[in-house]
Structure formats: C-alpha cells, structure tokens
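Down below is the structure, laid out as structure tokens.
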Amino acid sequence: MKTLIRLAVFAYVVISSVFLVAYAGYVAWVSSANLAQFLLACVFFLLSMAIALLNIFSGYFYAFSLFSKPGAKPAALPKKLPLVAIAVPTCNEDSAMVSKTLAALKAIQYPKSKLELWVLDNSSEPEKQMQIKAAAKKHGFRYVYHERTKGFKSGSLNNLLKLTRAEYLAVFDSDEELVNPKFLLDNIGFFCKDEKLGFVQTIKAARPAGFFADSIECNYAFFYKHMQPVRDSAGIAMYSGSLGIIRLSCLRKVGGFQVSPPTPCEDTEFSFFADLAGYKGKFISKLYAYGAPVENFSTFLTQQWKYAYGIARMTKLYFANFGKVSNSKKHFLYTAHFVGFPYTSLLTIVFAALSAALVLSNLSFTLVSFSELVAVMYSPLEPLKSAPVLSGISSAMDLVGQYYKPGLPLYDLSPVIANVFNILILARFYYGSFSKGIMSVLLNVSLTFKRSEAALAASMHDLSEIVVTPKTKKLGIGLASAFELASTEAAYSLLFFGLTAFSLLRGDALGAFWLIWYGVIFGLALVFALLYK
C-alpha cells in the first residue's frame, strides 16, 4: 500500500508539472499576436519547464527512496579494531552545552585504548576559549586551538590531520548529544568490507522542541528520509559534517576539507571530491544523537543562507568537473541537489515578476470582472444536471471544450488553485504530518529571497560576510527589527499587494487573484520574523 501511495503522489507531481508547462504554452499561444507579450510568455514557458523539472526531482526522491535500502543493521566487527579519533569542533559555544556533549561521548562503547578524544576550538572570544578548554580537560579530551580565520571548522579538522594517528575520524558538533553509545561499534565494520568506502553517514536530527522547531526539522528530515537513501543506492550518500565516520586516507587523498576560499558546506565538497577520487559514501538510516533545535526564525534564515551559499558554490564545482562524474544516475542526483536547491527560489522570484508583467500586459485572459468570474465558476453545473450518465468520451470532451475554452477565467485561475492544492497534498505526504508539513512548506517559501541572495552571493563574495549565529541564541526582535530582517521580502509583498489593488480598481478580479498570491508568499518572512523571535 505504501508503494502505491508513493507512486500515486509521484504521478500527481508529474501530471501537475506537465499541466504547469501546458498552461505556460497556452499563455504563449493567446499572446502570439503581440510580439512583446509573446516574448514574455516564452520566458514564462521556459521558467515553467525549469520549475516543473525541479518539482519532479523532489517527487522522484520521495517515491523511489522506498526502493532504496540504506543499511540500518550493524556491520560485523573486524578482529582488530582500528584507532578512531572523535573530534568536537567548537566556536564561541556555550561551555555548559559543550560539557554536556563531551560527557555523553565519554559513554561511547569502544575500547578506550583505540580512541582519541579531541576538542577543536576556534573561538574568537578569550573567555570562551578558557571555558571550553576547562570543559575538555574535565572530560579527558585533548584541547587544540586553531585560529578561526584560517579556515573555520575546515581548518580545525585539517589541522587535526597533522596531529592524529587514527585511521578514522568521527565528528560530533558541539550541540549533538549521543543517545546511542553503539555508534562506532555498529558502523566501523562497514569499512572493512569495502576498501573504497570513504565515509559512513548516519541520521542527523534535532531534539523535539515545539511546533516551530519541529516544523523546521521536517525540512531537514526530508533529506535523510528520501534523498540520502536514493543517493546511497548510487554510492554517493552525502557526508553531513557530523555524526559520520570518515576514512582519513580518503580525506588526505582529496586534500582535506576545503579551506580557501572558505565554505559553509565543506562536508558536501568533501563528499563530491571523494566520489571523483573513486570512494563511496554510505548512508545508515539510524539515529545515534540529537542536536539542538532551531528555535527562532532569524537563526533559521542565517542557517539556510549559509547552506544555499555553499550548495551554489557546488554548482560551479560540479560543472567544472562534469566529465569526471562516472555515470548518468550520479549526474541526475548531482543536478537535482546542486542546481535544484539554491536556484529554485531564484526561479520563483523571476516567475512572480513575469506573472505580474503578464497580468498587467492586458492579455486576452486578463481584465476579468468578479461577475464574470462567478458566472464561469457556476455555469458548468447547469449542463451537468441534464447530461446523460453514459454520454461517451466525445460528449465529455465537448462539455470540457465548451467550458474550458482559451480565455475563460476558470482555466486561467486553475494554475493558482493547483499551486494551493499542491501545498496541501505534498505537505501531507512529503513530511508525514499535515500541520507541520504545511508549516514546513510555508517556511521553505519564506526563504525565497534569502536563498536567492545566497545563490547570487556565491559567485561574488566570500564567507567573511556570513554571520555565524548559534542555534540556541535567542534574538529579541521587535517590529522594526523584523522589518530589517525581512526588508526585501516586505517590500516585494507590499509591491504585489499594491498591484493587487490596482488590478481590483480596473475590474480585473483574475489578475488580482494571481498577484495577491505572490503578495502573501513574499510576506511570510515578515510574519515569521514577528511570530518566532
């Protein structure tokens, strides 16, 4: 039954995507008499094709992850256990949280003689350095300080390569508390089975912390529930920066983690170059630790800005190494991740601008009044009262053709209605919880400008402009601060609400419907900034 549901959802995604492209083709057709309008419509058509393809990507991951079987069973242990380094990178973190993480790691089940315990600190605040050093000493971890400006977390990990004698490296973020002490015993054996296994990655998840934080977690859970299993089936499961084990000979072969220019996605770059070097990545669908939840919207924006920036950097690296990727399935998965994630939002902004231009250009399907709209909405009901039950396919097509001719508002309204319906359907199935799914979709939509800004910045700026905000830090945000945080989104929202009012004043109900949809979408960032401070 589960298989049928997933395939049905995927079929729905494909059909709705094809419908979007067909509608864009219809717009080009009805505008062919006017060259300027026709050119706008052609761009609209191309954008529709791109968005449809990206929607199909996500549907593919959701449906076909069911057929991928990432390992969850422990691997058999080798006769001689290898030396493993456990590293906890820190940067101006709360020392009590770090101490709690270190205390939990001390309970990990593995021979102590085969463990190296490291705290890799690059805090810029002297007081934090002293506190973290004291926590490391208290729990028996070796403390190493590395200048933050020399590569951030990547620099600290690369510096460890000079100090450790271990064969493998397990990284835990400073907020990740171990809840299953068998992390190493369950997974170290996988490396003995395959000499070309570069790393093993397990599930990363945050502790439950209420509706907002849990909805954010739904976004990240999609990656581990659906994307990682499919990537695993191609041997390119992605390393996620922590809660994984790396073969250090693989890390050394690819030159360590990326340092210059610095990137917030050193884990993704390592995964990609490990694949090019002939190593595999393996995903284990099992949870061993919980991280701190993201509990305010400003932190969520900052975090997503960094992710989008890093993945946009990967887009360039992917195309620069296009010929080195070994097969078509890998190309498909890399394209879906490196091109789809950071640029979907940019397409949405351009799509909205073109929609506004098309509505205001007085195409044949615009300038539809409320009375005309209501009349068309109700008119199809009348013939159905007298229509024969078995009238044949031709009669049904005649009926459709009579009431869905080009230019009728019900047809022109359908893409927006379909978009709303898509949110309801996909929220329920992609995220498993309808309420949290809806919230997750809306949170994703609210990132439209921040992700687009990051994607553009990736080609123009370096990481020095990124502000690192701890996940546990509460930011006091009033109305003025909320506007400052979401100023671009608020400006575009007001613009589209103004265009909506203009459309209403000239009697264009259908155009107003189109425009207010984007006004609401772009205004979500401001709403969330006010509600989740």
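Ligands are numbered from 1 in the order shown, residues from 1 within each chain, and chains are lettered A, B, ... in the order they appear in the structure tokens.
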For this session: Considering only C-alpha atoms, return as a PyMOL selection string whatever protein or nucleic-acid residues lie within 10 Å of Leu530 of chain A, sequence-local ones (same chain, fewer than 4 positions apart) excluded.
Result: chain A and resi 297+477-483+485-486+524-526
Just write the chosen residues, C-alpha atoms, as a JSON list (two decimals), in the first residue's frame.
[["chain", "number", "residue", "atom", "x", "y", "z"],
["A", 297, "PHE", "CA", 13.34, 32.45, 12.65],
["A", 477, "ILE", "CA", 13.11, 41.12, 17.53],
["A", 478, "GLY", "CA", 10.54, 43.89, 17.59],
["A", 479, "LEU", "CA", 8.53, 45.23, 14.68],
["A", 480, "ALA", "CA", 11.38, 47.44, 13.45],
["A", 481, "SER", "CA", 13.92, 44.60, 13.72],
["A", 482, "ALA", "CA", 11.55, 42.22, 11.96],
["A", 483, "PHE", "CA", 11.23, 44.67, 9.06],
["A", 485, "LEU", "CA", 15.43, 41.21, 8.92],
["A", 486, "ALA", "CA", 12.87, 40.73, 6.15],
["A", 524, "LEU", "CA", 5.60, 35.19, 5.07],
["A", 525, "ALA", "CA", 9.18, 36.02, 6.10],
["A", 526, "LEU", "CA", 7.98, 39.16, 7.91]]
Exercise. For Ala353 of chain A, which of A:Val9, A:Ser154, A:Ala41, A:Leu333 is the closest residue, counting only C-alpha atoms?
Worked result: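 Closest to Ala353 of chain A, using only C-alpha atoms: A:Ala41.
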Exercise. Pick from A:Gly235, A:Gly155, A:Pro262, A:Pro293: nearest to Ala205 of chain A, with only C-alpha atoms counted?
Worked result: A:Pro293
Problem set entry | Contact residues around segment 214-223 of chain A with only C-alpha atoms at 9 Å, ignoring same-chain residues under 6 positions, as a PyMOL selection string | chain A and resi 61-62+203-208+229+293-295+300+430-433+435-441+443-444
Exercise. Which one is closest to Arg148 of chain A: A:Ile417, A:Phe64, A:Ser113, A:Val259? Count only C-alpha atoms.
Worked result: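 Closest candidate: A:Val259.
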Problem set entry | Using only C-alpha atoms: which of A:Ile188, A:Ile516, A:Ala529, A:Ile51 has the shortest distance to Ser487 of chain A |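 Closest residue, counting only C-alpha atoms: A:Ala529.
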